[in-house]
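Read the structure below first, then the notes.
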Amino acid sequence: MNKHKIVGRNLLLANRLHEVFISGHWIANTNYKDQIESLNREDAVQKVESLNSIAALVFHINYYVEGMLNAFEKGKLNMHDKYSFDLPSMLSEEEWTKLKLTFLSNTVAFANYVEQMEEDRFDQPFFDEKYGTVQRNIEGVLEHSYYHLGQISLIRKLIGGKNA
């Protein structure tokens, strides 16, 4: 009898999603929620040289998380990279708060959706074979999210705002 519990890909990937977005302190000792929850609009939209603002990065990652979640739920892929940074230029405090709440809600929903996926789904094409497998696309969101979380953390240090 095997004493080791076998954990499916759904739980492994869902745990990684929860860690990077909401509740983890994996290697970087932070997550998106920790970085943005108390961040005010002024700091969120502040530009540092040619870097994207934190608000733009949150919008960007939410675009892909929401797009994948919608694709899984509706069975139709409708994302275009050219729209992934289309954040309104004059984001109000209320709009920033709404973006944060939408982002956090979408990331939880996405992780929960992945957690409920059947094992065989991960090896299937992500809508078209040219996009690779479902698993590879979920891992792509994770890798993309790690990259931009690092940027957000550094930008917070650079702006040195009261919430940094």
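Following the order of the structure tokens, chains are lettered A, B, ..., residues in each are numbered from 1, and ligands are numbered from 1.
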Using only C-alpha atoms, find each residue of segment 21-57 of chain A with at least one atom at most 10 Å away from an atom of segment 96-108 of chain A; report its shortest atom-to-atom pair and that distance in Å (one decimal), sort the rows by chain and rising residue number, and return the result as JSON lines.
{"residue": "A:Phe21", "atom": "CA", "partner": "A:Thr107", "partner_atom": "CA", "distance": 6.5}
{"residue": "A:Ile22", "atom": "CA", "partner": "A:Leu104", "partner_atom": "CA", "distance": 7.3}
{"residue": "A:Tyr32", "atom": "CA", "partner": "A:Leu104", "partner_atom": "CA", "distance": 8.4}
{"residue": "A:Lys33", "atom": "CA", "partner": "A:Leu104", "partner_atom": "CA", "distance": 7.1}
{"residue": "A:Ile36", "atom": "CA", "partner": "A:Lys100", "partner_atom": "CA", "distance": 7.2}
{"residue": "A:Glu37", "atom": "CA", "partner": "A:Lys100", "partner_atom": "CA", "distance": 7.1}
{"residue": "A:Ser38", "atom": "CA", "partner": "A:Thr97", "partner_atom": "CA", "distance": 9.7}
{"residue": "A:Leu39", "atom": "CA", "partner": "A:Thr97", "partner_atom": "CA", "distance": 9.3}
{"residue": "A:Asn40", "atom": "CA", "partner": "A:Trp96", "partner_atom": "CA", "distance": 7.9}
{"residue": "A:Arg41", "atom": "CA", "partner": "A:Trp96", "partner_atom": "CA", "distance": 5.9}
{"residue": "A:Glu42", "atom": "CA", "partner": "A:Trp96", "partner_atom": "CA", "distance": 9.5}
{"residue": "A:Ala44", "atom": "CA", "partner": "A:Trp96", "partner_atom": "CA", "distance": 7.9}
{"residue": "A:Val45", "atom": "CA", "partner": "A:Trp96", "partner_atom": "CA", "distance": 8.9}
{"residue": "A:Ala55", "atom": "CA", "partner": "A:Trp96", "partner_atom": "CA", "distance": 7.4}
- Distance query Leu154 of chain A at most 12 Å, only C-alpha atoms, self and fewer than 4 positions along chain excluded, as a ChimeraX atom specification: /A:28,30,35,48,51-54,147-150,158-160,164
Take the residues from that selection and write them out as a compact mmCIF listing (two decimals), in the first residue's frame, keeping C-alpha atoms.
# COMPACT_ATOMS: atom_id res chain seq x y z
CA ALA A 28 9.07 35.86 -2.74
CA THR A 30 4.42 38.11 -0.90
CA GLN A 35 0.93 44.15 -2.66
CA VAL A 48 8.54 55.39 -12.64
CA LEU A 51 7.91 51.28 -16.32
CA ASN A 52 4.23 50.43 -16.31
CA SER A 53 2.26 51.60 -13.31
CA ILE A 54 1.08 49.09 -10.73
CA TYR A 147 7.09 38.10 -13.42
CA HIS A 148 4.70 41.02 -12.95
CA LEU A 149 4.41 40.47 -9.18
CA GLY A 150 8.16 41.02 -9.02
CA LEU A 158 10.87 52.75 -6.02
CA ILE A 159 7.87 55.00 -5.43
CA GLY A 160 8.35 54.75 -1.68
CA ALA A 164 5.17 50.76 0.07
Counting only C-alpha atoms, which residues of segment 45-155 of chain A fall within 10 Å of segment 7-17 of chain A, and what is the closest atom pair for each with its distance in Å at one decimal, ordered by chain and rising number, as a tab-separated table?
residue	atom	partner	partner_atom	distance
A:Thr107	CA	A:Leu17	CA	7.6
A:Val108	CA	A:Leu17	CA	8.2
A:Phe110	CA	A:Leu17	CA	8.1
A:Ala111	CA	A:Ala14	CA	4.8
A:Asn112	CA	A:Ala14	CA	6.7
A:Tyr113	CA	A:Ala14	CA	8.2
A:Val114	CA	A:Ala14	CA	5.7
A:Glu115	CA	A:Asn10	CA	4.7
A:Gln116	CA	A:Asn10	CA	6.7
A:Met117	CA	A:Asn10	CA	6.0
A:Glu118	CA	A:Asn10	CA	7.3
A:Glu119	CA	A:Arg9	CA	6.7
A:Asp120	CA	A:Arg9	CA	9.7
A:Arg121	CA	A:Asn10	CA	9.5
A:Phe122	CA	A:Arg9	CA	7.8
A:Gln135	CA	A:Arg9	CA	8.5
A:Ile138	CA	A:Leu13	CA	7.7
A:Glu139	CA	A:Leu13	CA	7.7
A:Val141	CA	A:Leu17	CA	8.9
A:Leu142	CA	A:Leu17	CA	6.7
A:Ser145	CA	A:Leu17	CA	9.1
- Task: Using atom CA of His144 of chain A and atom CA of Phe127 of chain A as the two end points, give the distance in Å to one decimal.
- Result: 19.7 Å
- Message: One number please: atom CA of Glu94 of chain A to atom CA of Ala71 of chain A, in Å, one decimal.
- Response: 27.7 Å
- Message: With distances taken over only C-alpha atoms, which residue among A:Ile155, A:Leu91, A:Leu69, A:Leu77 lies nearest Glu49 of chain A?
- Response: A:Ile155
- Task: Grab the atom CA of Gln124 of chain A to atom CA of Glu19 of chain A distance for me, in Å with one decimal place.
- Result: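 Atom CA of Glu19 of chain A lies 24.8 Å from atom CA of Gln124 of chain A.
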- Item | Which of A:Gly67, A:Met90, A:Met79, A:Ser153 sits closest to Asn29 of chain A [using only C-alpha atoms] |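 Selected residue with least distance to Asn29 of chain A: A:Ser153.
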- Hey, what does DSSP flag as helix (DSSP H, G or I) within chain A? Can you give it to me as number ranges by chain? A: 9-23, 32-36, 41-45, 54-74, 81-83, 93-116, 119-123, 129-131, 134-159
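Proximity to Asn137 of chain A was assessed for A:Tyr83, A:Val65, A:Arg156, A:Ala109 counting only C-alpha atoms; the smallest distance is recorded for A:Val65.
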